[in-house]
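K.L.:
Structure supplied as run11.txt; contents: compact mmCIF, C-alpha atoms.
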# COMPACT_ATOMS: atom_id res chain seq x y z
CA MET A 1 2.67 30.24 -9.59
CA LYS A 2 -0.56 30.52 -11.58
CA ASN A 3 -3.99 29.56 -10.28
CA PRO A 4 -4.35 25.80 -10.98
CA GLN A 5 -8.06 26.10 -11.79
CA LYS A 6 -7.34 28.57 -14.59
CA SER A 7 -4.36 26.99 -16.31
CA GLY A 8 -4.17 23.33 -15.23
CA GLN A 9 -0.76 24.16 -13.76
CA ILE A 10 -0.20 22.69 -10.30
CA SER A 11 3.38 23.60 -9.43
CA LYS A 12 6.86 23.93 -10.87
CA ALA A 13 9.14 20.93 -10.74
CA PRO A 14 12.79 21.65 -9.82
CA ALA A 15 14.00 21.22 -13.39
CA GLY A 16 11.40 23.66 -14.68
CA HIS A 17 8.95 21.02 -15.94
CA MET A 18 5.33 21.75 -15.14
CA LEU A 19 3.11 19.27 -13.35
CA THR A 20 -0.22 19.19 -15.15
CA GLU A 21 -3.45 17.29 -14.65
CA GLU A 22 -2.22 14.83 -17.30
CA SER A 23 0.88 13.99 -15.25
CA LEU A 24 -1.08 13.29 -12.06
CA VAL A 25 -3.41 10.52 -10.89
CA ALA A 26 -6.01 10.37 -8.14
CA VAL A 27 -5.42 7.36 -5.88
CA PRO A 28 -8.58 6.39 -3.95
CA ILE A 29 -8.30 6.20 -0.16
CA SER A 30 -10.29 3.06 0.59
CA GLY A 31 -10.95 3.32 4.30
CA LEU A 32 -9.62 -0.25 4.63
CA ARG A 33 -7.07 -1.18 7.30
CA ALA A 34 -4.19 -3.59 6.77
CA SER A 35 -3.10 -5.21 10.02
CA ALA A 36 0.61 -4.98 10.78
CA GLY A 37 1.02 -7.64 13.45
CA SER A 38 -1.46 -6.06 15.81
CA LYS A 39 -3.90 -8.14 17.84
CA GLU A 40 -6.79 -6.90 15.73
CA ASN A 41 -7.58 -8.31 12.32
CA GLY A 42 -7.33 -6.27 9.15
CA SER A 43 -10.32 -5.24 7.07
CA PRO A 44 -12.26 -8.11 5.52
CA VAL A 45 -11.07 -9.28 2.13
CA ALA A 46 -14.50 -8.58 0.61
CA GLY A 47 -13.90 -4.89 1.34
CA LEU A 48 -11.43 -4.68 -1.55
CA LYS A 49 -14.22 -5.18 -4.05
CA THR A 50 -17.09 -3.44 -2.27
CA THR A 51 -15.57 -0.34 -0.65
CA VAL A 52 -16.36 2.94 -2.34
CA ALA A 53 -13.67 5.57 -1.83
CA ARG A 54 -14.90 9.02 -0.83
CA ARG A 55 -11.44 10.63 -0.77
CA ALA A 56 -8.29 10.44 -2.88
CA LEU A 57 -4.62 11.40 -2.89
CA VAL A 58 -3.12 13.11 -5.89
CA ALA A 59 0.24 11.69 -6.96
CA PRO A 60 2.54 11.78 -9.99
CA LYS A 61 1.77 9.08 -12.55
CA LEU A 62 5.41 8.00 -12.26
CA TRP A 63 4.67 6.84 -8.71
CA CYS A 64 1.73 4.65 -9.79
CA PRO A 65 2.58 2.26 -12.65
CA HIS A 66 -1.00 0.90 -12.76
CA PRO A 67 -3.25 3.79 -11.64
CA ALA A 68 -6.53 1.94 -12.25
CA ASN A 69 -5.34 -0.84 -9.91
CA THR A 70 -3.87 1.37 -7.18
CA VAL A 71 -5.53 2.04 -3.82
CA CYS A 72 -4.63 3.54 -0.43
CA MET A 73 -5.31 1.90 2.91
CA GLN A 74 -4.31 2.54 6.49
CA VAL A 75 -1.76 0.56 8.51
CA SER A 76 -2.92 -0.83 11.84
CA GLY A 77 -0.26 -2.06 14.27
CA GLY A 78 3.50 -1.92 14.73
CA SER A 79 5.11 -4.98 13.15
CA MET A 80 6.48 -3.00 10.20
CA GLU A 81 8.14 -0.27 12.27
CA PRO A 82 10.26 1.73 11.78
CA TYR A 83 9.20 2.03 8.11
CA LEU A 84 5.44 1.72 8.46
CA GLN A 85 3.85 2.94 11.67
CA ASP A 86 0.34 2.61 13.00
CA GLY A 87 -1.90 5.05 11.14
CA TYR A 88 0.30 5.51 8.05
CA LEU A 89 -1.36 5.44 4.63
CA ILE A 90 0.09 2.87 2.24
CA VAL A 91 -0.35 2.94 -1.53
CA VAL A 92 -0.88 -0.56 -2.94
CA ASP A 93 -0.61 -1.66 -6.58
CA LYS A 94 -3.06 -4.56 -6.84
CA LYS A 95 -1.73 -5.49 -10.28
CA GLN A 96 1.67 -6.40 -8.78
CA ASN A 97 0.67 -9.62 -7.03
CA ASP A 98 2.92 -12.29 -8.57
CA ARG A 99 4.73 -13.97 -5.66
CA LYS A 100 7.66 -14.89 -7.93
CA LYS A 101 8.50 -11.19 -8.33
CA LEU A 102 7.83 -9.98 -4.78
CA SER A 103 10.36 -11.72 -2.54
CA GLY A 104 11.81 -9.13 -0.16
CA LYS A 105 9.11 -6.56 -0.95
CA ILE A 106 6.48 -5.08 1.36
CA VAL A 107 3.07 -6.40 0.34
CA VAL A 108 -0.54 -6.45 1.42
CA ALA A 109 -1.86 -9.99 1.67
CA GLN A 110 -5.32 -11.28 2.35
CA HIS A 111 -6.33 -14.16 4.58
CA ASN A 112 -9.83 -15.66 4.56
CA LYS A 113 -10.16 -15.36 8.36
CA SER A 114 -7.89 -12.54 9.54
CA GLY A 115 -8.45 -10.15 6.60
CA LEU A 116 -5.84 -7.81 5.13
CA ALA A 117 -2.28 -7.72 6.47
CA VAL A 118 0.86 -5.79 5.55
CA SER A 119 4.30 -7.39 5.86
CA ARG A 120 7.49 -8.17 3.99
CA TYR A 121 7.08 -11.29 1.84
CA TRP A 122 10.01 -13.68 1.49
CA ASN A 123 10.49 -16.78 -0.62
CA LEU A 124 13.77 -18.33 0.49
CA HIS A 125 14.64 -21.62 -1.18
CA GLY A 126 10.95 -22.46 -1.65
CA SER A 127 9.95 -21.59 1.91
CA GLU A 128 7.46 -18.72 1.84
CA SER A 129 6.70 -16.46 4.79
CA PHE A 130 5.83 -12.97 5.92
CA ILE A 131 8.63 -11.51 8.01
CA PRO A 132 7.90 -8.25 9.84
CA ASP A 133 10.54 -5.49 9.82
CA ASN A 134 10.05 -5.11 13.58
CA HIS A 135 11.75 -8.25 14.90
CA LYS A 136 9.71 -8.20 18.12
CA TYR A 137 7.07 -9.91 15.99
CA GLU A 138 7.19 -13.51 14.78
CA PRO A 139 7.23 -14.45 11.08
CA VAL A 140 4.08 -15.99 9.62
CA SER A 141 4.36 -19.03 7.35
CA TRP A 142 2.66 -18.95 3.99
CA ASN A 143 -0.20 -21.40 3.41
CA SER A 144 -3.10 -21.77 0.99
CA SER A 145 -5.27 -19.39 3.08
CA TRP A 146 -3.09 -16.45 1.98
CA LYS A 147 -3.20 -14.51 -1.28
CA ILE A 148 -1.05 -11.52 -2.23
CA THR A 149 -3.27 -8.48 -2.78
CA GLY A 150 -0.54 -6.21 -4.10
CA LYS A 151 2.81 -4.55 -3.63
CA VAL A 152 3.18 -1.50 -1.39
CA LEU A 153 4.55 1.22 -3.66
CA TRP A 154 5.02 4.05 -1.13
CA TRP A 155 3.55 5.43 2.05
CA ILE A 156 2.68 8.63 3.87
CA GLY A 157 2.92 9.18 7.58
CA HIS A 158 3.95 11.52 10.31
CA SER A 159 6.64 10.54 12.79
CA ASP A 160 6.59 12.00 16.29
Show me the file's structure as C-alpha cells.

P.N.:
Amino acid sequence: MKNPQKSGQISKAPAGHMLTEESLVAVPISGLRASAGSKENGSPVAGLKTTVARRALVAPKLWCPHPANTVCMQVSGGSMEPYLQDGYLIVVDKKQNDRKKLSGKIVVAQHNKSGLAVSRYWNLHGSESFIPDNHKYEPVSWNSSWKITGKVLWWIGHSD
C-alpha cells in the first residue's frame, strides 16, 4: 500500500477499487450524549446547534447519504441493548427526520426538558411511541414535546 499523504490512496477495497479522499467524508464527533433509557438526561437540545466538533470519524460517502447533515454522538444508558450499548458512538443523519418514513427505525429525538434520546420510533395505526430494544425498559408515548432529530445510520462500539 502506498503512503496516503503522497498519493491520496487510503487502502485497497476487496474488488480492487481504491478508496480516495473523494470517496470519504469526515463525520464530526459532537461530544453530545443521547440518553438510552438511563436515569440521566441526554445532552441539551441547544447543543445540536452550538457544539463545535474537535474530532471526526472518516467514513465512506456511501455510508452517509447527507454528509453535511451527519454527526456522531455517544450513547448513554442501556435501553437499546443489545444493539447499542452504553458508550457506543452513533452516526445520525439529521436530514432524515420525517416521522412518516421512520417507523421501526432507530432515531435520535429531542425533548425540551430531557434533551436528546435514542430509541426505536414506531407509528402503529396512528399511535406514536419510542420502544426500546431492551424490553426491561418501558415505551415512551409521543407528544408535542418531542421532535425527531435524525435517523441513526450506523454505530461503532466495542463489546466485552

K.L.:
Residues within 12 Å of Val25 (chain A), please, as a PyMOL selection string. Count all atoms listed in the file; anything in the same chain fewer than 2 positions from it doesn't count.

P.N.:
chain A and resi 19-23+27-28+56-71

K.L.:
Pick out the closest residue to Lys136 (chain A) from this set: A:Ser79, A:Gln85, A:Ser30, A:Ser35. Count all atoms listed in the file.

P.N.:
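Checking each candidate against Lys136 (chain A), we get A:Ser79 as the closest.
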
K.L.:
Around the point (-6.4, -10.4, -1.4), in the coordinates given by the file, pick out the residues reaching within 6 Å, counting all atoms listed in the file, and return them as JSON, numbers by chain.

P.N.:
{"A": [45, 109, 110, 147, 148, 149]}

K.L.:
Within 7 Å of region 120-126 of chain A, counting all atoms listed in the file, which residues qualify if same-chain residues fewer than 2 places away don't, as a PyMOL selection string?

P.N.:
chain A and resi 102-107+128-132

K.L.:
Which residue out of A:Val152, A:Ser127, A:Gly31, A:Ala26 has the minimum interatomic distance to Gly87 (chain A) when only C-alpha atoms are used?

P.N.:
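Once distances to Gly87 (chain A) are computed over only C-alpha atoms, the minimum belongs to A:Gly31.
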
K.L.:
Name the closest residue to Trp155 (chain A) among the candidates A:Ala34, A:Ile90, A:Met80, A:Arg55; distances are taken between atoms, counting all atoms listed in the file.

P.N.:
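Going through A:Ala34, A:Ile90, A:Met80, A:Arg55 one by one, the smallest distance to Trp155 (chain A) is for A:Ile90.
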
K.L.:
Do you have the CA of Ser144 (chain A)-CA of Pro82 (chain A) distance handy?

P.N.:
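Distance between the two atoms: 29.1 Å.
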
K.L.:
Distance CA of Arg54 (chain A)-CA of Ile29 (chain A), one decimal place?

P.N.:
7.2 Å

K.L.:
Could you add N, CA and C atoms to region 85-101 of chain A and give me the result as a PDB file, in the frame of the given file?

P.N.:
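Once everything was written out, this is out09.pdb:
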ATOM      1  N   GLN A  85       4.354   2.827  10.301  1.00  0.00           N
ATOM      2  CA  GLN A  85       3.850   2.940  11.670  1.00  0.00           C
ATOM      3  C   GLN A  85       2.334   2.929  11.667  1.00  0.00           C
ATOM      4  N   ASP A  86       1.784   2.634  12.819  1.00  0.00           N
ATOM      5  CA  ASP A  86       0.340   2.610  13.000  1.00  0.00           C
ATOM      6  C   ASP A  86      -0.255   3.930  12.518  1.00  0.00           C
ATOM      7  N   GLY A  87      -1.242   3.857  11.645  1.00  0.00           N
ATOM      8  CA  GLY A  87      -1.900   5.050  11.140  1.00  0.00           C
ATOM      9  C   GLY A  87      -1.384   5.558   9.808  1.00  0.00           C
ATOM     10  N   TYR A  88      -0.230   5.072   9.348  1.00  0.00           N
ATOM     11  CA  TYR A  88       0.300   5.510   8.050  1.00  0.00           C
ATOM     12  C   TYR A  88      -0.661   5.084   6.938  1.00  0.00           C
ATOM     13  N   LEU A  89      -0.652   5.830   5.843  1.00  0.00           N
ATOM     14  CA  LEU A  89      -1.360   5.440   4.630  1.00  0.00           C
ATOM     15  C   LEU A  89      -0.366   4.749   3.707  1.00  0.00           C
ATOM     16  N   ILE A  90      -0.744   3.582   3.210  1.00  0.00           N
ATOM     17  CA  ILE A  90       0.090   2.870   2.240  1.00  0.00           C
ATOM     18  C   ILE A  90      -0.617   2.882   0.887  1.00  0.00           C
ATOM     19  N   VAL A  91       0.170   2.952  -0.177  1.00  0.00           N
ATOM     20  CA  VAL A  91      -0.350   2.940  -1.530  1.00  0.00           C
ATOM     21  C   VAL A  91       0.003   1.582  -2.125  1.00  0.00           C
ATOM     22  N   VAL A  92      -1.033   0.837  -2.528  1.00  0.00           N
ATOM     23  CA  VAL A  92      -0.880  -0.560  -2.940  1.00  0.00           C
ATOM     24  C   VAL A  92      -1.258  -0.721  -4.406  1.00  0.00           C
ATOM     25  N   ASP A  93      -0.351  -1.330  -5.177  1.00  0.00           N
ATOM     26  CA  ASP A  93      -0.610  -1.660  -6.580  1.00  0.00           C
ATOM     27  C   ASP A  93      -1.132  -3.089  -6.625  1.00  0.00           C
ATOM     28  N   LYS A  94      -2.441  -3.230  -6.840  1.00  0.00           N
ATOM     29  CA  LYS A  94      -3.060  -4.560  -6.840  1.00  0.00           C
ATOM     30  C   LYS A  94      -2.685  -5.388  -8.060  1.00  0.00           C
ATOM     31  N   LYS A  95      -2.160  -4.754  -9.081  1.00  0.00           N
ATOM     32  CA  LYS A  95      -1.730  -5.490 -10.280  1.00  0.00           C
ATOM     33  C   LYS A  95      -0.415  -6.237 -10.031  1.00  0.00           C
ATOM     34  N   GLN A  96       0.396  -5.742  -9.105  1.00  0.00           N
ATOM     35  CA  GLN A  96       1.670  -6.400  -8.780  1.00  0.00           C
ATOM     36  C   GLN A  96       1.420  -7.404  -7.649  1.00  0.00           C
ATOM     37  N   ASN A  97       0.998  -8.608  -8.018  1.00  0.00           N
ATOM     38  CA  ASN A  97       0.670  -9.620  -7.030  1.00  0.00           C
ATOM     39  C   ASN A  97       1.276 -10.994  -7.326  1.00  0.00           C
ATOM     40  N   ASP A  98       2.251 -11.031  -8.212  1.00  0.00           N
ATOM     41  CA  ASP A  98       2.920 -12.290  -8.570  1.00  0.00           C
ATOM     42  C   ASP A  98       4.008 -12.587  -7.532  1.00  0.00           C
ATOM     43  N   ARG A  99       3.802 -13.627  -6.745  1.00  0.00           N
ATOM     44  CA  ARG A  99       4.730 -13.970  -5.660  1.00  0.00           C
ATOM     45  C   ARG A  99       6.157 -14.179  -6.168  1.00  0.00           C
ATOM     46  N   LYS A 100       6.325 -14.641  -7.391  1.00  0.00           N
ATOM     47  CA  LYS A 100       7.660 -14.890  -7.930  1.00  0.00           C
ATOM     48  C   LYS A 100       8.487 -13.603  -8.041  1.00  0.00           C
ATOM     49  N   LYS A 101       7.812 -12.465  -8.137  1.00  0.00           N
ATOM     50  CA  LYS A 101       8.500 -11.190  -8.330  1.00  0.00           C
ATOM     51  C   LYS A 101       8.535 -10.336  -7.063  1.00  0.00           C
TER      52      LYS A 101
END
